[in-house]
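Engineer: Following this message is one structure expressed as structure tokens.
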Amino acid sequence: MSASDHYSELDMILEDSKLGGRLLRILSLPIIIFLTFPLIALILRTTPASLVQNLTNPQVIQAVTLSLITTSVTTLVTILLGTPLAYGLALRVFRHQRLVDTLIDLPLVLPPAVAGVALLMAFGRRGLLGTGLEGLNLHIAFTPFAVILAQVFVSAPFYIKSAALGFSNVEPELAQAAGLDGAHLGQVFQHVVLPLSWKAMISGALMTWARALGEFGATIIFAGNFPGRTQTMPLAIYIGFELDLNVALTLSVILIGLSFMVLFVARGAFAREWLR
């Protein structure tokens, strides 16, 4: 084959690839429009003047404040308790690794209402631990603490799976070399694993925060919907459809904005291609 024939064949392949790319973009348009159109409609339904006015509404302020506080605590608790588990999964220290993986993934596929009922049966007044907690004068259900527990239950898997993936991508030879130099497990994690996997940890933490921010089903069953006490933004939106639609629209726009920013950062801010 001559050089001219080779380049001609290469041009044909590139042209076919471009045509295929255009076809895929066209075929992708219907689902993209379907997924984005309702969000655009919601944003257009809320005027800037109405948004600014409702930001001073006490119900909005209470819901936003409670959501930001509980989701921040949820993320911190998840990082503290989930990091050892994620590291253990990466090192495959569990005898029944597949079972542990399945149990961690289970909250992701369970209906949120089921998660709420499960938490109530565990920590409610008549739950497995509820009677003992009541004897110690500790009340969990229908308190702000219940909001945090519900958020941790449904959102922690996002951090655990992301961190475990980051830990597992660290070259084993690096950890082994540090161990041969006398470093114990904690030092290996601190000085070798952590610097190489912090991006995955931050991405997972952001995803956990975003999921906790939008949690509704488990919270309303386990923590209730008490303004200023357990009413997060999703719960305030639910009530707003019955009492004040403008409040619901304002909180919906805030949730969309926060969720979009967090997802954008989590998926791209630490990648080399994010500015393209």
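As shown in the structure tokens, the chain order sets the letters A, B, ...; within each chain, residues go from 1, and ligands are also counted from 1 in the order they appear.
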Which residues of segment 117-189 of chain A have any atom within 8 Å of an atom in segment 87-103 of chain A when counting only C-alpha atoms, and what is the closest pair of atoms for each, with the distance in Å to one decimal? Order the rows by chain and rising number and write it as a tab-separated table.
Structural biologist:
residue	atom	partner	partner_atom	distance
A:Ala163	CA	A:Tyr87	CA	7.6
A:Ala164	CA	A:Ala90	CA	5.2
A:Leu165	CA	A:Ala90	CA	6.9
A:Phe167	CA	A:Ala90	CA	5.8
A:Ser168	CA	A:Ala90	CA	4.8
Engineer: Would you put the residues from that selection into a file with N, CA and C atoms, as a compact mmCIF listing (two decimals), in the first residue's frame?
Structural biologist:
# COMPACT_ATOMS: atom_id res chain seq x y z
N ALA A 163 -13.89 6.69 47.91
CA ALA A 163 -12.60 6.64 48.61
C ALA A 163 -11.94 5.28 48.41
N ALA A 164 -12.71 4.21 48.47
CA ALA A 164 -12.15 2.87 48.28
C ALA A 164 -11.53 2.73 46.89
N LEU A 165 -12.20 3.31 45.89
CA LEU A 165 -11.66 3.26 44.54
C LEU A 165 -10.35 4.04 44.46
N PHE A 167 -8.25 4.62 46.96
CA PHE A 167 -7.22 3.88 47.69
C PHE A 167 -6.71 2.70 46.87
N SER A 168 -7.59 2.00 46.19
CA SER A 168 -7.20 0.81 45.43
C SER A 168 -6.35 1.17 44.20
Engineer: Contacts of segment 34-40 of chain A at 9 Å or less, counting only C-alpha atoms, minus same-chain residues fewer than 5 places along, as a ChimeraX atom specification?
Structural biologist: /A:29,45,253,256
Engineer: Could you please determine the separation between atom CA of Val247 of chain A and atom CA of Val64 of chain A in Å, to one decimal place?
Structural biologist: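 Interatomic distance here is 11.6 Å.
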Engineer: Per DSSP on the backbone, filter segment 139-210 of chain A down to the residues in helix (DSSP H, G or I) and report them as number ranges by chain.
Structural biologist: A: 144-168, 172-180, 185-210
Engineer: Contacts of segment 146-151 of chain A at 10 Å or less, counting only C-alpha atoms, minus same-chain residues fewer than 3 places along, as a CSV table (one decimal) with N, CA and C atoms, in the first residue's frame?
Structural biologist:
chain,number,residue,atom,x,y,z
A,66,LEU,N,-30.8,24.7,58.6
A,66,LEU,CA,-30.8,23.4,59.2
A,66,LEU,C,-30.1,22.4,58.2
A,67,SER,N,-30.4,22.6,56.9
A,67,SER,CA,-29.9,21.7,55.9
A,67,SER,C,-28.4,21.8,55.8
A,69,ILE,N,-26.3,22.8,58.1
A,69,ILE,CA,-25.7,22.3,59.3
A,69,ILE,C,-25.6,20.8,59.4
A,70,THR,N,-26.8,20.2,59.1
A,70,THR,CA,-26.9,18.8,59.2
A,70,THR,C,-26.1,18.1,58.1
A,71,THR,N,-26.1,18.6,56.9
A,71,THR,CA,-25.3,18.0,55.8
A,71,THR,C,-23.8,18.1,56.1
A,72,SER,N,-23.4,19.2,56.7
A,72,SER,CA,-22.0,19.4,57.0
A,72,SER,C,-21.5,18.4,58.1
A,73,VAL,N,-22.4,18.2,59.1
A,73,VAL,CA,-22.1,17.2,60.2
A,73,VAL,C,-22.1,15.8,59.6
A,74,THR,N,-23.1,15.5,58.7
A,74,THR,CA,-23.2,14.2,58.1
A,74,THR,C,-21.9,13.9,57.3
A,75,THR,N,-21.4,14.9,56.5
A,75,THR,CA,-20.2,14.7,55.7
A,75,THR,C,-19.0,14.4,56.6
A,77,VAL,N,-19.0,13.2,59.7
A,77,VAL,CA,-19.1,11.9,60.3
A,77,VAL,C,-18.8,10.8,59.3
A,78,THR,N,-19.3,10.9,58.1
A,78,THR,CA,-19.0,9.9,57.1
A,78,THR,C,-17.6,9.8,56.8
A,112,PRO,N,-36.2,5.3,49.8
A,112,PRO,CA,-35.9,6.1,51.0
A,112,PRO,C,-36.9,5.8,52.1
A,115,ALA,N,-35.7,3.0,54.2
A,115,ALA,CA,-34.6,3.4,55.0
A,115,ALA,C,-35.1,4.1,56.3
A,116,GLY,N,-36.2,4.9,56.1
A,116,GLY,CA,-36.7,5.6,57.3
A,116,GLY,C,-37.4,4.7,58.2
A,118,ALA,N,-36.6,1.5,58.6
A,118,ALA,CA,-35.6,0.7,59.2
A,118,ALA,C,-34.9,1.5,60.3
A,119,LEU,N,-34.7,2.7,60.1
A,119,LEU,CA,-34.0,3.5,61.2
A,119,LEU,C,-35.0,3.7,62.4
A,120,LEU,N,-36.3,3.8,62.1
A,120,LEU,CA,-37.3,3.9,63.2
A,120,LEU,C,-37.3,2.6,64.0
A,123,PHE,N,-33.9,2.7,66.1
A,123,PHE,CA,-33.6,3.7,67.1
A,123,PHE,C,-34.9,4.4,67.6
A,124,GLY,N,-36.0,4.1,67.1
A,124,GLY,CA,-37.3,4.6,67.6
A,124,GLY,C,-37.6,4.1,69.0
A,139,HIS,N,-33.4,10.5,73.4
A,139,HIS,CA,-34.4,10.4,72.4
A,139,HIS,C,-33.8,10.8,71.1
A,140,ILE,N,-33.9,9.9,70.1
A,140,ILE,CA,-33.2,10.1,68.8
A,140,ILE,C,-34.3,10.4,67.8
A,141,ALA,N,-35.3,9.6,67.7
A,141,ALA,CA,-36.3,9.8,66.6
A,141,ALA,C,-37.0,11.2,66.8
A,142,PHE,N,-37.2,11.8,65.6
A,142,PHE,CA,-37.9,13.1,65.5
A,142,PHE,C,-37.1,14.3,66.2
A,143,THR,N,-35.8,14.2,66.1
A,143,THR,CA,-34.9,15.2,66.6
A,143,THR,C,-33.9,15.5,65.4
A,154,VAL,N,-28.2,7.1,54.0
A,154,VAL,CA,-28.5,7.1,52.6
A,154,VAL,C,-27.3,7.6,51.8
A,155,SER,N,-26.4,8.4,52.4
A,155,SER,CA,-25.4,9.1,51.6
A,155,SER,C,-24.0,8.6,51.8
A,156,ALA,N,-23.7,7.9,52.9
A,156,ALA,CA,-22.4,7.5,53.2
A,156,ALA,C,-21.8,6.5,52.2
A,208,THR,N,-21.4,12.9,48.8
A,208,THR,CA,-22.2,12.6,50.0
A,208,THR,C,-22.9,13.8,50.5
A,209,TRP,N,-22.3,14.9,50.4
A,209,TRP,CA,-23.0,16.2,50.9
A,209,TRP,C,-24.2,16.5,50.0
A,211,ARG,N,-26.0,14.4,48.2
A,211,ARG,CA,-27.0,13.4,48.4
A,211,ARG,C,-27.7,13.7,49.7
A,212,ALA,N,-27.0,14.0,50.8
A,212,ALA,CA,-27.6,14.4,52.1
A,212,ALA,C,-28.5,15.6,52.0
A,213,LEU,N,-28.1,16.5,51.1
A,213,LEU,CA,-28.8,17.8,51.0
A,213,LEU,C,-30.2,17.5,50.4
A,214,GLY,N,-30.3,16.5,49.5
A,214,GLY,CA,-31.6,16.2,48.9
A,214,GLY,C,-32.4,15.1,49.5
A,215,GLU,N,-31.9,14.6,50.7
A,215,GLU,CA,-32.6,13.5,51.3
A,215,GLU,C,-34.0,13.9,51.8
A,216,PHE,N,-35.0,13.1,51.5
A,216,PHE,CA,-36.4,13.4,51.9
A,216,PHE,C,-37.1,12.2,52.6
A,217,GLY,N,-37.2,11.1,51.9
A,217,GLY,CA,-38.0,10.0,52.4
A,217,GLY,C,-37.7,9.4,53.8
A,218,ALA,N,-36.4,9.1,54.0
A,218,ALA,CA,-36.0,8.6,55.3
A,218,ALA,C,-36.1,9.6,56.4
A,219,THR,N,-35.9,10.9,56.0
A,219,THR,CA,-35.9,12.0,57.0
A,219,THR,C,-37.3,12.2,57.5
A,220,ILE,N,-38.3,12.3,56.6
A,220,ILE,CA,-39.7,12.6,57.0
A,220,ILE,C,-40.3,11.5,57.9
A,221,ILE,N,-39.8,10.2,57.7
A,221,ILE,CA,-40.4,9.1,58.5
A,221,ILE,C,-39.7,9.0,59.8
A,222,PHE,N,-38.3,9.2,59.8
A,222,PHE,CA,-37.6,9.0,61.0
A,222,PHE,C,-37.4,10.2,61.9
A,223,ALA,N,-37.4,11.4,61.2
A,223,ALA,CA,-37.2,12.6,62.0
A,223,ALA,C,-38.4,13.5,62.0
A,224,GLY,N,-39.4,13.3,61.1
A,224,GLY,CA,-40.5,14.1,61.1
A,224,GLY,C,-40.3,15.4,60.3
A,225,ASN,N,-41.3,16.3,60.3
A,225,ASN,CA,-41.2,17.5,59.5
A,225,ASN,C,-41.6,18.7,60.4
A,229,ARG,N,-36.8,22.6,63.4
A,229,ARG,CA,-36.2,21.5,64.2
A,229,ARG,C,-35.7,20.4,63.4
A,230,THR,N,-36.6,19.9,62.5
A,230,THR,CA,-36.2,18.8,61.6
A,230,THR,C,-36.5,19.1,60.2
A,231,GLN,N,-37.1,20.2,59.9
A,231,GLN,CA,-37.5,20.5,58.5
A,231,GLN,C,-36.4,21.0,57.7
A,232,THR,N,-35.8,20.1,56.9
A,232,THR,CA,-34.8,20.5,55.9
A,232,THR,C,-35.4,21.1,54.6
Engineer: Which residue is closest to Leu81 of chain A? Choose from A:Ile32, A:Tyr159, A:Pro58, A:Gly21 and count only C-alpha atoms.
Structural biologist: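 Ranking A:Ile32, A:Tyr159, A:Pro58, A:Gly21 by distance to Leu81 of chain A, first place goes to A:Tyr159.
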Engineer: I want to know what sits within 10 Å of Leu255 of chain A, based on only C-alpha atoms, with residues of the same chain fewer than 5 positions away left out; could you give that as a VMD selection string?
Structural biologist: chain A and resid 64 210 213 to 214 233 to 234 249 to 250 260 to 261
Engineer: So that each row is one residue of segment 118-211 of chain A with an atom at most 10 Å from segment 263-267 of chain A, can you give its shortest atom pair and the distance in Å to one decimal, using only C-alpha atoms, rows by chain and rising number, as a tab-separated table?
Structural biologist:
residue	atom	partner	partner_atom	distance
A:Lys199	CA	A:Ala266	CA	9.0
A:Ala200	CA	A:Ala266	CA	8.9
A:Met201	CA	A:Ala266	CA	10.0
A:Ile202	CA	A:Ala266	CA	7.5
A:Ser203	CA	A:Ala266	CA	4.6
A:Gly204	CA	A:Ala266	CA	7.5
A:Ala205	CA	A:Ala266	CA	8.6
A:Leu206	CA	A:Ala266	CA	6.0
A:Met207	CA	A:Ala266	CA	6.8
A:Trp209	CA	A:Leu263	CA	10.0
A:Ala210	CA	A:Leu263	CA	7.5
Engineer: Please indicate the distance in Å from atom CA of Val52 of chain A to atom CA of Leu251 of chain A, rounded to one decimal place.
Structural biologist: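 Those two atoms sit 11.4 Å apart.
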Engineer: Could you tell me how far atom CA of Phe153 of chain A lies from atom CA of Gly82 of chain A, in Å and to one decimal?
Structural biologist: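 About the pair atom CA of Phe153 of chain A and atom CA of Gly82 of chain A: they are 11.4 Å apart.
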Engineer: Taking 4 positions as the minimum chain separation for residues in the same chain, which residues sit within 8 Å of Pro157 of chain A when counting only C-alpha atoms? Answer as a PyMOL selection string.
Structural biologist: chain A and resi 104-105+107-108+161+208
